[in-house]
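A.B. asks: Enclosed is the structure file model-v1.txt (compact mmCIF, C-alpha atoms).
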```
# COMPACT_ATOMS: atom_id res chain seq x y z
CA GLY A 444 16.97 -24.10 -14.67
CA TYR A 445 14.47 -24.98 -17.40
CA LEU A 446 12.12 -22.06 -16.73
CA SER A 447 15.03 -19.62 -16.46
CA GLN A 448 16.51 -20.67 -19.78
CA TYR A 449 13.10 -20.65 -21.46
CA LEU A 450 12.29 -17.10 -20.32
CA HIS A 451 15.62 -15.88 -21.67
CA ALA A 452 15.32 -17.76 -24.97
CA LYS A 453 11.69 -16.77 -25.56
CA TYR A 454 11.65 -13.16 -24.33
CA GLY A 455 15.28 -12.14 -23.86
CA TYR A 456 14.80 -11.65 -20.11
CA PHE A 457 17.76 -11.55 -17.75
CA VAL A 458 16.97 -14.20 -15.14
CA LEU A 459 18.23 -14.79 -11.61
CA GLY A 460 17.22 -18.30 -10.58
CA ILE A 461 16.87 -18.71 -6.80
CA GLU A 462 16.83 -22.26 -5.44
CA ALA A 463 16.98 -23.73 -1.91
CA ASP A 464 18.37 -27.09 -3.07
CA GLU A 465 22.09 -26.84 -3.84
CA SER A 466 22.04 -30.01 -5.94
CA LYS A 467 19.52 -28.41 -8.30
CA ILE A 468 21.75 -25.34 -8.59
CA ARG A 469 24.65 -27.57 -9.62
CA SER A 470 22.48 -29.42 -12.15
CA ALA A 471 21.22 -26.16 -13.67
CA LYS A 472 24.75 -24.77 -14.00
CA THR A 473 26.06 -28.00 -15.52
CA ARG A 474 23.24 -28.05 -18.06
CA GLN A 475 23.81 -24.37 -18.85
CA LEU A 476 27.53 -24.87 -19.48
CA LYS A 477 26.81 -27.82 -21.76
CA TRP A 478 23.92 -26.45 -23.80
CA PHE A 479 23.67 -22.69 -23.27
CA PRO A 480 27.16 -21.31 -22.47
CA GLU A 481 26.31 -18.06 -24.28
CA THR A 482 23.72 -17.26 -21.54
CA LEU A 483 26.15 -17.25 -18.60
CA GLU A 484 25.96 -13.46 -18.22
CA HIS A 485 22.20 -13.31 -18.68
CA VAL A 486 20.95 -16.33 -16.71
CA GLN A 487 22.46 -16.83 -13.27
CA TYR A 488 21.68 -19.09 -10.32
CA VAL A 489 22.06 -18.55 -6.58
CA HIS A 490 21.47 -20.73 -3.55
CA HIS A 491 18.94 -19.24 -1.13
CA ARG A 492 15.80 -20.39 0.69
CA VAL A 493 13.17 -17.70 0.17
CA THR A 494 11.24 -16.57 3.25
CA SER A 495 9.21 -13.47 4.03
CA LYS A 496 12.48 -11.92 5.29
CA SER A 497 14.47 -12.51 2.10
CA SER A 498 14.24 -8.96 0.71
CA ILE A 499 17.80 -7.90 1.55
CA GLU A 500 19.34 -11.17 0.35
CA ILE A 501 17.46 -11.11 -2.96
CA TYR A 502 18.38 -7.47 -3.62
CA LYS A 503 22.03 -8.23 -2.85
CA HIS A 504 22.10 -11.06 -5.39
CA LEU A 505 20.40 -8.86 -7.99
CA ASN A 506 22.97 -6.09 -7.47
CA ASN A 507 25.79 -8.59 -7.90
CA THR A 508 24.58 -9.33 -11.44
CA GLN A 509 25.25 -5.70 -12.48
CA TRP A 510 22.11 -5.77 -14.61
CA ASP A 511 20.04 -2.67 -15.29
CA LEU A 512 17.13 -2.88 -12.83
CA SER A 513 15.67 0.55 -13.59
CA LYS A 514 12.69 -0.87 -15.49
CA GLY A 515 11.70 -3.07 -12.58
CA VAL A 516 11.88 -6.75 -11.76
CA SER A 517 9.28 -9.52 -12.00
CA LEU A 518 8.95 -12.41 -9.55
CA ILE A 519 8.11 -15.65 -11.36
CA GLY A 520 7.56 -19.09 -9.87
CA LEU A 521 6.36 -22.27 -11.53
CA HIS A 522 6.17 -24.38 -8.37
CA THR A 523 5.57 -22.17 -5.31
CA CYS A 524 5.06 -24.97 -2.83
CA GLY A 525 3.29 -24.69 0.54
CA ASP A 526 4.27 -21.56 2.47
CA LEU A 527 6.57 -20.35 -0.31
CA ILE A 528 3.67 -18.59 -2.05
CA SER A 529 3.03 -16.48 1.08
CA SER A 530 6.73 -15.63 1.44
CA ILE A 531 6.94 -14.53 -2.19
CA ILE A 532 3.84 -12.35 -1.84
CA GLU A 533 5.30 -10.60 1.23
CA VAL A 534 8.61 -9.98 -0.55
CA PHE A 535 6.71 -8.65 -3.57
CA ILE A 536 4.65 -6.24 -1.46
CA LEU A 537 7.61 -4.89 0.52
CA ASN A 538 9.96 -4.04 -2.37
CA SER A 539 9.12 -1.22 -4.76
CA TYR A 540 11.52 -2.42 -7.49
CA LEU A 541 9.44 -5.60 -7.84
CA LYS A 542 6.71 -4.70 -10.34
CA ASN A 543 5.07 -7.96 -11.44
CA LEU A 544 4.23 -11.27 -9.81
CA VAL A 545 3.50 -14.47 -11.75
CA VAL A 546 3.37 -17.65 -9.66
CA MET A 547 1.62 -21.02 -9.53
CA PRO A 548 0.86 -22.16 -5.95
CA CYS A 549 0.76 -25.86 -5.13
CA CYS A 550 1.27 -28.46 -2.37
CA TYR A 551 -1.00 -26.63 0.04
CA HIS A 552 -0.78 -29.50 2.55
CA LYS A 553 2.88 -28.60 3.22
CA MET A 554 1.91 -25.36 4.97
CA GLN A 555 3.33 -25.16 8.49
CA PHE A 556 1.01 -25.06 11.48
CA ILE A 557 1.02 -25.27 15.27
CA ASP A 558 -1.41 -27.28 17.37
CA VAL A 559 -3.14 -25.24 20.07
CA ASN A 560 -5.48 -27.36 22.19
CA GLY A 561 -6.63 -29.38 19.21
CA ALA A 562 -6.90 -26.40 16.86
CA GLU A 563 -4.43 -26.18 13.97
CA ILE A 564 -3.18 -22.63 13.45
CA PHE A 565 -1.60 -22.30 10.00
CA GLN A 566 1.47 -20.09 9.82
CA ASN A 567 0.46 -18.31 6.62
CA PHE A 568 -3.25 -18.93 6.19
CA PRO A 569 -5.44 -16.98 6.24
CA SER A 570 -3.03 -14.26 5.12
CA SER A 571 -5.65 -11.60 4.35
CA GLN A 572 -7.28 -9.61 7.14
CA LYS A 573 -10.67 -10.07 5.48
CA LEU A 574 -10.63 -13.87 5.66
CA LEU A 575 -8.72 -13.99 8.96
CA LYS A 576 -11.53 -12.12 10.71
CA GLU A 577 -14.20 -14.51 9.44
CA TRP A 578 -11.94 -17.52 10.09
CA LYS A 579 -11.54 -16.60 13.75
CA ASN A 580 -15.21 -15.75 14.23
CA ALA A 581 -16.24 -19.16 12.89
CA LYS A 582 -13.47 -20.95 14.86
CA CYS A 583 -12.41 -22.66 11.61
CA ALA A 584 -9.06 -23.76 13.07
CA ARG A 585 -10.93 -26.40 15.09
CA PHE A 586 -12.33 -28.24 12.08
CA LEU A 587 -10.55 -27.01 8.92
CA LYS A 588 -7.19 -28.66 9.52
CA ARG A 589 -4.52 -30.45 7.48
CA PRO A 590 -7.10 -32.68 5.69
CA PHE A 591 -8.70 -29.46 4.40
CA LEU A 592 -5.37 -28.55 2.76
CA ARG A 593 -4.95 -32.06 1.39
CA LEU A 594 -8.43 -31.95 -0.11
CA ALA A 595 -7.55 -28.67 -1.84
CA CYS A 596 -4.57 -30.51 -3.41
CA GLN A 597 -6.68 -33.23 -5.00
CA GLN A 598 -7.42 -33.43 -8.71
CA ARG A 599 -10.08 -31.04 -9.91
CA PRO A 600 -13.56 -32.24 -11.01
CA ASP A 601 -12.83 -32.24 -14.76
CA ALA A 602 -10.20 -34.93 -14.23
CA TRP A 603 -12.77 -37.22 -12.65
CA LYS A 604 -15.08 -36.93 -15.65
CA SER A 605 -12.50 -38.70 -17.79
CA PHE A 606 -12.12 -41.74 -15.51
CA ASP A 607 -13.66 -45.01 -16.67
CA GLU A 608 -15.15 -47.62 -14.35
CA HIS A 609 -11.82 -49.45 -14.01
CA GLU A 610 -9.99 -46.28 -12.94
CA LEU A 611 -12.70 -45.34 -10.44
CA GLU A 612 -12.58 -48.83 -8.96
CA ALA A 613 -8.79 -48.67 -8.70
CA ARG A 614 -8.95 -45.31 -6.91
CA ALA A 615 -11.53 -46.62 -4.46
CA PHE A 616 -9.31 -49.62 -3.78
CA ARG A 617 -6.25 -47.45 -3.15
CA LEU A 618 -8.23 -45.27 -0.75
CA LEU A 619 -9.38 -48.35 1.15
CA THR A 620 -5.90 -49.84 1.41
CA ARG A 621 -4.39 -46.57 2.62
CA SER A 622 -7.15 -46.30 5.21
CA ILE A 623 -6.47 -49.83 6.47
CA LEU A 624 -2.76 -49.07 6.66
CA GLU A 625 -3.33 -45.86 8.64
CA LEU A 626 -5.74 -47.65 10.99
CA TYR A 627 -3.19 -50.39 11.61
CA VAL A 628 -0.34 -47.95 12.20
CA LYS A 629 -2.37 -45.99 14.74
CA LYS A 630 -3.61 -49.13 16.47
CA GLU A 631 -0.12 -50.63 16.82
CA ASN A 632 1.68 -47.34 17.62
CA LEU A 633 3.88 -47.58 14.53
CA LEU A 634 5.54 -45.00 12.31
CA LEU A 635 5.72 -45.22 8.52
CA VAL A 636 8.67 -43.60 6.77
CA LYS A 637 8.61 -43.34 2.97
CA ASN A 638 11.62 -44.78 1.17
CA LYS A 639 10.67 -43.05 -2.07
CA ARG A 640 8.36 -40.30 -3.30
CA LYS A 641 5.73 -42.65 -4.78
CA THR A 642 5.20 -45.84 -2.84
CA ALA A 643 2.64 -47.40 -5.19
CA LYS A 644 2.53 -47.84 -8.95
CA ALA A 645 -0.95 -46.57 -9.73
CA ASN A 646 -0.98 -47.82 -13.32
CA THR A 647 0.02 -51.36 -12.43
CA CYS A 648 -2.21 -51.87 -9.43
CA ASP A 649 -4.33 -55.03 -9.87
CA ASN A 650 -6.63 -54.22 -6.94
CA SER A 651 -5.01 -57.06 -5.02
CA PHE A 652 -4.25 -56.66 -1.33
CA GLU A 653 -1.23 -58.95 -1.76
CA THR A 654 0.19 -56.54 -4.36
CA PHE A 655 -0.46 -53.66 -1.98
CA LEU A 656 1.51 -55.44 0.77
CA THR A 657 4.44 -55.90 -1.62
CA GLU A 658 4.41 -52.15 -2.35
CA ILE A 659 4.36 -51.38 1.38
CA ASP A 660 7.31 -53.69 1.98
CA SER A 661 9.43 -51.94 -0.67
CA GLY A 662 8.08 -48.41 -0.29
CA TYR A 663 8.16 -47.90 3.47
CA THR A 664 10.33 -48.43 6.51
CA ILE A 665 8.23 -49.41 9.53
CA LYS A 666 9.30 -48.15 12.94
CA HIS A 667 7.82 -48.54 16.38
CA GLY A 668 6.54 -45.23 17.72
CA SER A 669 8.66 -45.48 20.88
CA GLU A 670 11.87 -46.60 19.16
CA LEU A 671 14.41 -45.05 16.83
CA GLU A 672 15.48 -48.32 15.23
CA ASP A 673 13.91 -49.66 12.05
CA THR A 674 11.68 -52.71 12.30
CA PRO A 675 13.76 -55.80 11.33
CA LYS A 676 13.06 -56.93 7.78
CA ASP A 677 11.77 -60.35 8.83
CA ASP A 678 9.17 -58.66 11.05
CA PHE A 679 7.28 -57.42 8.00
CA GLN A 680 5.63 -60.83 7.60
CA LYS A 681 4.04 -60.31 11.01
CA HIS A 682 2.77 -56.89 9.92
CA ALA A 683 1.50 -58.36 6.65
CA ALA A 684 -0.46 -61.06 8.48
CA LEU A 685 -2.07 -58.55 10.84
CA LEU A 686 -2.84 -56.15 7.99
CA THR A 687 -4.48 -58.95 6.02
CA GLU A 688 -6.59 -59.90 9.02
CA LEU A 689 -7.67 -56.29 9.47
CA TRP A 690 -8.45 -55.99 5.75
CA LYS A 691 -10.67 -59.08 5.81
CA SER A 692 -12.53 -57.90 8.91
CA LYS A 693 -13.25 -54.41 7.52
CA CYS A 694 -13.47 -54.88 3.76
CA ASP A 695 -15.10 -58.23 3.05
CA GLU A 696 -17.07 -58.58 -0.16
CA SER A 697 -20.44 -58.47 1.60
CA SER A 698 -19.91 -55.05 3.16
CA ASN A 699 -21.22 -51.78 1.73
CA LEU A 700 -17.89 -50.10 2.42
CA LYS A 701 -16.78 -50.07 -1.22
CA LEU A 702 -20.02 -48.37 -2.24
CA LEU A 703 -19.55 -45.77 0.49
CA ILE A 704 -15.96 -45.18 -0.64
CA GLY A 705 -17.23 -44.41 -4.13
CA ALA A 706 -19.65 -41.86 -2.70
CA LEU A 707 -16.83 -40.34 -0.65
CA LEU A 708 -14.66 -39.92 -3.74
CA VAL A 709 -17.48 -38.11 -5.53
CA LEU A 710 -17.96 -35.85 -2.50
CA GLN A 711 -14.23 -35.07 -2.49
CA ALA A 712 -14.38 -34.13 -6.17
CA CYS A 713 -17.24 -31.72 -5.42
CA LEU A 714 -15.56 -30.13 -2.40
CA GLN A 715 -12.06 -29.83 -3.90
CA PRO A 716 -12.61 -26.61 -5.89
CA VAL A 717 -14.35 -24.97 -2.93
CA CYS A 718 -11.34 -25.66 -0.69
CA GLU A 719 -8.78 -24.61 -3.29
CA ASN A 720 -10.66 -21.46 -4.26
CA LEU A 721 -10.72 -20.35 -0.62
CA LEU A 722 -6.93 -20.67 -0.47
CA LEU A 723 -6.44 -18.87 -3.77
CA LEU A 724 -8.83 -15.99 -3.08
CA ASP A 725 -7.12 -15.39 0.26
CA LYS A 726 -3.89 -14.62 -1.63
CA VAL A 727 -5.69 -12.21 -3.96
CA GLU A 728 -7.20 -10.38 -0.97
CA ARG A 729 -3.80 -10.18 0.75
CA LEU A 730 -2.35 -8.47 -2.32
CA LYS A 731 -5.26 -6.06 -2.67
CA GLU A 732 -5.09 -5.10 1.02
CA SER A 733 -1.46 -4.01 0.58
CA GLU A 734 -2.57 -0.90 -1.37
CA VAL A 735 0.55 -1.04 -3.56
CA VAL A 736 -1.03 -3.49 -5.99
CA GLN A 737 -2.94 -2.33 -9.03
CA SER A 738 -4.35 -5.73 -9.97
CA ALA A 739 -4.35 -9.27 -8.63
CA LYS A 740 -6.17 -12.26 -10.05
CA PHE A 741 -5.94 -15.96 -10.76
CA ILE A 742 -6.07 -17.18 -14.36
CA LYS A 743 -6.50 -20.79 -15.41
CA ILE A 744 -3.58 -21.53 -17.72
CA ALA A 745 -3.62 -25.34 -17.76
CA ASN A 746 -6.20 -27.99 -18.55
CA GLU A 747 -7.52 -29.19 -15.19
CA ALA A 748 -8.23 -32.62 -16.66
CA LEU A 749 -4.47 -33.00 -17.20
CA SER A 750 -2.94 -30.95 -14.39
CA ALA A 751 -4.12 -30.94 -10.78
CA ARG A 752 -2.83 -27.38 -10.33
CA CYS A 753 -3.93 -25.15 -13.17
CA PHE A 754 -4.23 -21.62 -11.72
CA CYS A 755 -1.63 -18.88 -12.01
CA LEU A 756 -1.58 -15.83 -9.72
CA ILE A 757 -0.82 -12.66 -11.70
CA SER A 758 -0.34 -9.31 -10.00
CA SER A 759 1.11 -5.92 -10.93
CA LYS A 760 1.78 -2.73 -9.01
CA HIS A 761 0.81 0.88 -9.63
CA ASN A 762 3.04 3.13 -11.75
CA LEU A 763 4.77 0.49 -13.83
```
Would you give me this structure, written as C-alpha cells?
C.D. replies:
Amino acid sequence: GYLSQYLHAKYGYFVLGIEADESKIRSAKTRQLKWFPETLEHVQYVHHRVTSKSSIEIYKHLNNTQWDLSKGVSLIGLHTCGDLISSIIEVFILNSYLKNLVVMPCCYHKMQFIDVNGAEIFQNFPSSQKLLKEWKNAKCARFLKRPFLRLACQQRPDAWKSFDEHELEARAFRLLTRSILELYVKKENLLLVKNKRKTAKANTCDNSFETFLTEIDSGYTIKHGSELEDTPKDDFQKHAALLTELWKSKCDESSNLKLLIGALLVLQACLQPVCENLLLLDKVERLKESEVVQSAKFIKIANEALSARCFCLISSKHNL
C-alpha cells in the first residue's frame, strides 16, 4: 500500500491497489486505518491475481469505487514480476479506458515456460511479432533458456565498477560454492528446498567453506529426489563430508578455477545489459504493434549502481 498512498498524497490520485497476496491486502488496510483513515474513499484495495484475462474483473472493481473514470485510468506497477508485465501490457492494450502505462519489470527468471524436446518455450516471451519471427528462425529456444533470463536479472555493469578486490573475491567464492552445491545435488539425485528467501548472509561471508556449510544447514531442507520426506537432520553431516570432499577435489588452491571464475563474472557483467535490453525492447515492440499506442519507451529512473532494476516502461495511447 505504500505506492498507493504516496500517489494519492503527492498527486491527489484516486488509487485502486490490486494485489494477489491477501496478507498484503490486510497489511495495507491496517496501515491505512492507523495512519491515513481520511483516504479510505480515495485509496482502496482489492484481492485479485492479474492475468491477461483480467479486463472484466478490473473494470468491475473500478466501477464499484464509484469514481469518475471519464478522464481515463493509468496502470502503474512498481514491481511487475516475471509474466506479470506481459499480462499488464495485454490488459492495457485491450481496454480503451486505460490511457497510460507506467511499470517497472523485474524477476525475469520467473517467467513460465514449457520444455519441448529440450527447447524451452517461454509463455510470454517473445511477445512481439517482430522478435518472435527472428527468435524462431534462429531456433533461440534451444540455447536461450532459463539461464538467459537469470543473466538478465543480474546487477548491471555500473554496480561492478564500485566493487573492491574483497567484494569481487567474495562474489567469486559464492559462485564457486553454489556451483559445488548444484553439482553435488545433481550427482546424488537430491532436491534443495529453501527455508527462507536469502540462504546466505553476503556481508558476513568469510570465504570459508565451513561457514558456507553452516548456511546450507540452516537455509535449506535437503530431500532425496525419489522421496517426499525430508532428509533427517543428523544426515546433514554426511552431506557436509561429501560436499567438503567434492570442494577439495575441484577447488584446491593450485587450480586455475578461481581465476576462471573471475573471468566468468566479468563476462556476465558484459552480457547482462544485452540480455535485459532484449527483454525490454520486446515489450516496447509489443506495445507499438498494437496500433493503439502513441508512444512506448523505457526510461532509466534509478541509479544502476544501487538498483539492479532501474528501467521504467512508460506508454500512452492516442487521443488522451
A.B. asks: Give as an mmCIF file with C-alpha atoms, keeping the file's coordinate frame each residue that has an atom at most 9 Å from (6.3, -26.2, -1.5) in the file, counting all atoms listed in the file.
C.D. replies:
```cif
data_model
loop_
_atom_site.group_PDB
_atom_site.id
_atom_site.type_symbol
_atom_site.label_atom_id
_atom_site.label_comp_id
_atom_site.auth_asym_id
_atom_site.auth_seq_id
_atom_site.Cartn_x
_atom_site.Cartn_y
_atom_site.Cartn_z
ATOM 1 C CA HIS A 522 6.170 -24.380 -8.370
ATOM 2 C CA THR A 523 5.570 -22.170 -5.310
ATOM 3 C CA CYS A 524 5.060 -24.970 -2.830
ATOM 4 C CA GLY A 525 3.290 -24.690 0.540
ATOM 5 C CA ASP A 526 4.270 -21.560 2.470
ATOM 6 C CA LEU A 527 6.570 -20.350 -0.310
ATOM 7 C CA ILE A 528 3.670 -18.590 -2.050
ATOM 8 C CA PRO A 548 0.860 -22.160 -5.950
ATOM 9 C CA CYS A 549 0.760 -25.860 -5.130
ATOM 10 C CA CYS A 550 1.270 -28.460 -2.370
ATOM 11 C CA TYR A 551 -1.000 -26.630 0.040
ATOM 12 C CA HIS A 552 -0.780 -29.500 2.550
ATOM 13 C CA LYS A 553 2.880 -28.600 3.220
ATOM 14 C CA MET A 554 1.910 -25.360 4.970
#
```
A.B. asks: Near A:Glu465, counting only C-alpha atoms, which residues have an atom at most 9 Å away, once you skip same-chain residues fewer than 3 positions from it, shown as an MDAnalysis selection string?
C.D. replies: chainID A and resid 462 468:470 489:491
A.B. asks: Give me the residues near stretch 497-501 of chain A as an NGL selection string, where near means some atom within 12 Å (using all atoms listed in the file) and where sequence neighbours in that chain fewer than 3 positions away do not count.
C.D. replies: :A and (459-462 or 488-494 or 504-508 or 516 or 518 or 527 or 530-541)
A.B. asks: Pick the closest to A:Arg614 from A:Gln509, A:Leu689, A:Gly705, A:Leu575: which is it, counting only C-alpha atoms?
C.D. replies: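 Of A:Gln509, A:Leu689, A:Gly705, A:Leu575, the one nearest A:Arg614 is A:Gly705, counting only C-alpha atoms.
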A.B. asks: Report the distance between atom CA of A:Pro716 and atom CA of A:Lys743 in Å, rounded to one decimal place.
C.D. replies: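 Between these atoms lies a distance of 12.7 Å.
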A.B. asks: Tell me which protein, DNA and RNA residues are within 10 Å of A:Ala471, counting all atoms listed in the file, leaving out same-chain ones fewer than 4 positions away, and put them as a CSV table (one decimal) with C-alpha atoms, in the frame of the given file.
C.D. replies:
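The result, written out as out-v8.csv:
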```csv
chain,number,residue,atom,x,y,z
A,444,GLY,CA,17.0,-24.1,-14.7
A,445,TYR,CA,14.5,-25.0,-17.4
A,447,SER,CA,15.0,-19.6,-16.5
A,448,GLN,CA,16.5,-20.7,-19.8
A,460,GLY,CA,17.2,-18.3,-10.6
A,465,GLU,CA,22.1,-26.8,-3.8
A,466,SER,CA,22.0,-30.0,-5.9
A,467,LYS,CA,19.5,-28.4,-8.3
A,475,GLN,CA,23.8,-24.4,-18.8
A,476,LEU,CA,27.5,-24.9,-19.5
A,477,LYS,CA,26.8,-27.8,-21.8
A,487,GLN,CA,22.5,-16.8,-13.3
A,488,TYR,CA,21.7,-19.1,-10.3
```
A.B. asks: In Å to one decimal, how far is atom CA of A:Ser759 from atom CA of A:Asp511?
C.D. replies: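 The value is 19.7 Å.
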A.B. asks: Env of A:Tyr456: 9 Å cut, atoms = all atoms listed in the file, seq-sep filter 4 positions within chain, self excluded. Answer as JSON, numbers by chain.
C.D. replies: {"A": [447, 450, 451, 452, 485, 486]}
A.B. asks: Give me, please, the distance in Å between atom CA of A:His682 and atom CA of A:Thr664, quoted to one decimal.
C.D. replies: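 Taking atom CA of A:His682 and atom CA of A:Thr664, their separation equals 11.8 Å.
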A.B. asks: Rank nothing, just name the residue among A:Leu708, A:Ala562, A:Leu521, A:Leu635 nearest to A:Gln597, using all atoms listed in the file.
C.D. replies: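 Under the stated criterion, the closest residue is A:Leu708.
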A.B. asks: Under the rule that all atoms listed in the file are counted, which of A:Asn762, A:Thr620, A:Asn650, A:Ser571 is the nearest residue to A:Leu721?
C.D. replies: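 Smallest distance to A:Leu721 is found for A:Ser571.
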A.B. asks: I need the residue nearest A:Ala739 from this list: A:Cys583, A:Leu707, A:Val717, A:Ile757. Use only C-alpha atoms for the distance.
C.D. replies: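 Checking each of A:Cys583, A:Leu707, A:Val717, A:Ile757 against A:Ala739, counting only C-alpha atoms, the winner is A:Ile757.
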A.B. asks: Name the residues, using the chain letters and numbers of the file, that sit within 6 Å of (4.4, -46.6, 1.8) when counting all atoms listed in the file, and give them as a list in words.
C.D. replies: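 Result, sorted by chain then residue number: Lys637, Thr642, Ile659, Gly662 and Tyr663 of chain A.
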A.B. asks: Taking 3 positions as the minimum chain separation for residues in the same chain, which residues sit within 10 Å of A:Lys604 when counting only C-alpha atoms? Answer as a PyMOL selection string.
C.D. replies: chain A and resi 599-601+607+712+748
A.B. asks: Kindly indicate which residue among A:Ile665, A:Val458, A:Cys713, A:Leu634 lies nearest to A:Trp510, using all atoms listed in the file for the distances.
C.D. replies: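 Distance minimum relative to A:Trp510 lands on A:Val458.
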A.B. asks: Could you check which of A:Leu686, A:Leu574, A:Val545, A:Leu702 is closest to A:Leu611, using all atoms listed in the file?
C.D. replies: A:Leu702
A.B. asks: Step by step, gather every atom of stretch 529-536 of chain A that the file lists, find the box along x, y and z that holds them, add 5 Å on each side, and finally give centre and edge lengths in Å to one decimal, as AutoDock Vina command-line options.
C.D. replies:
```
--center_x 5.8 --center_y -11.4 --center_z -1.1 --size_x 15.6 --size_y 20.2 --size_z 15.0
```
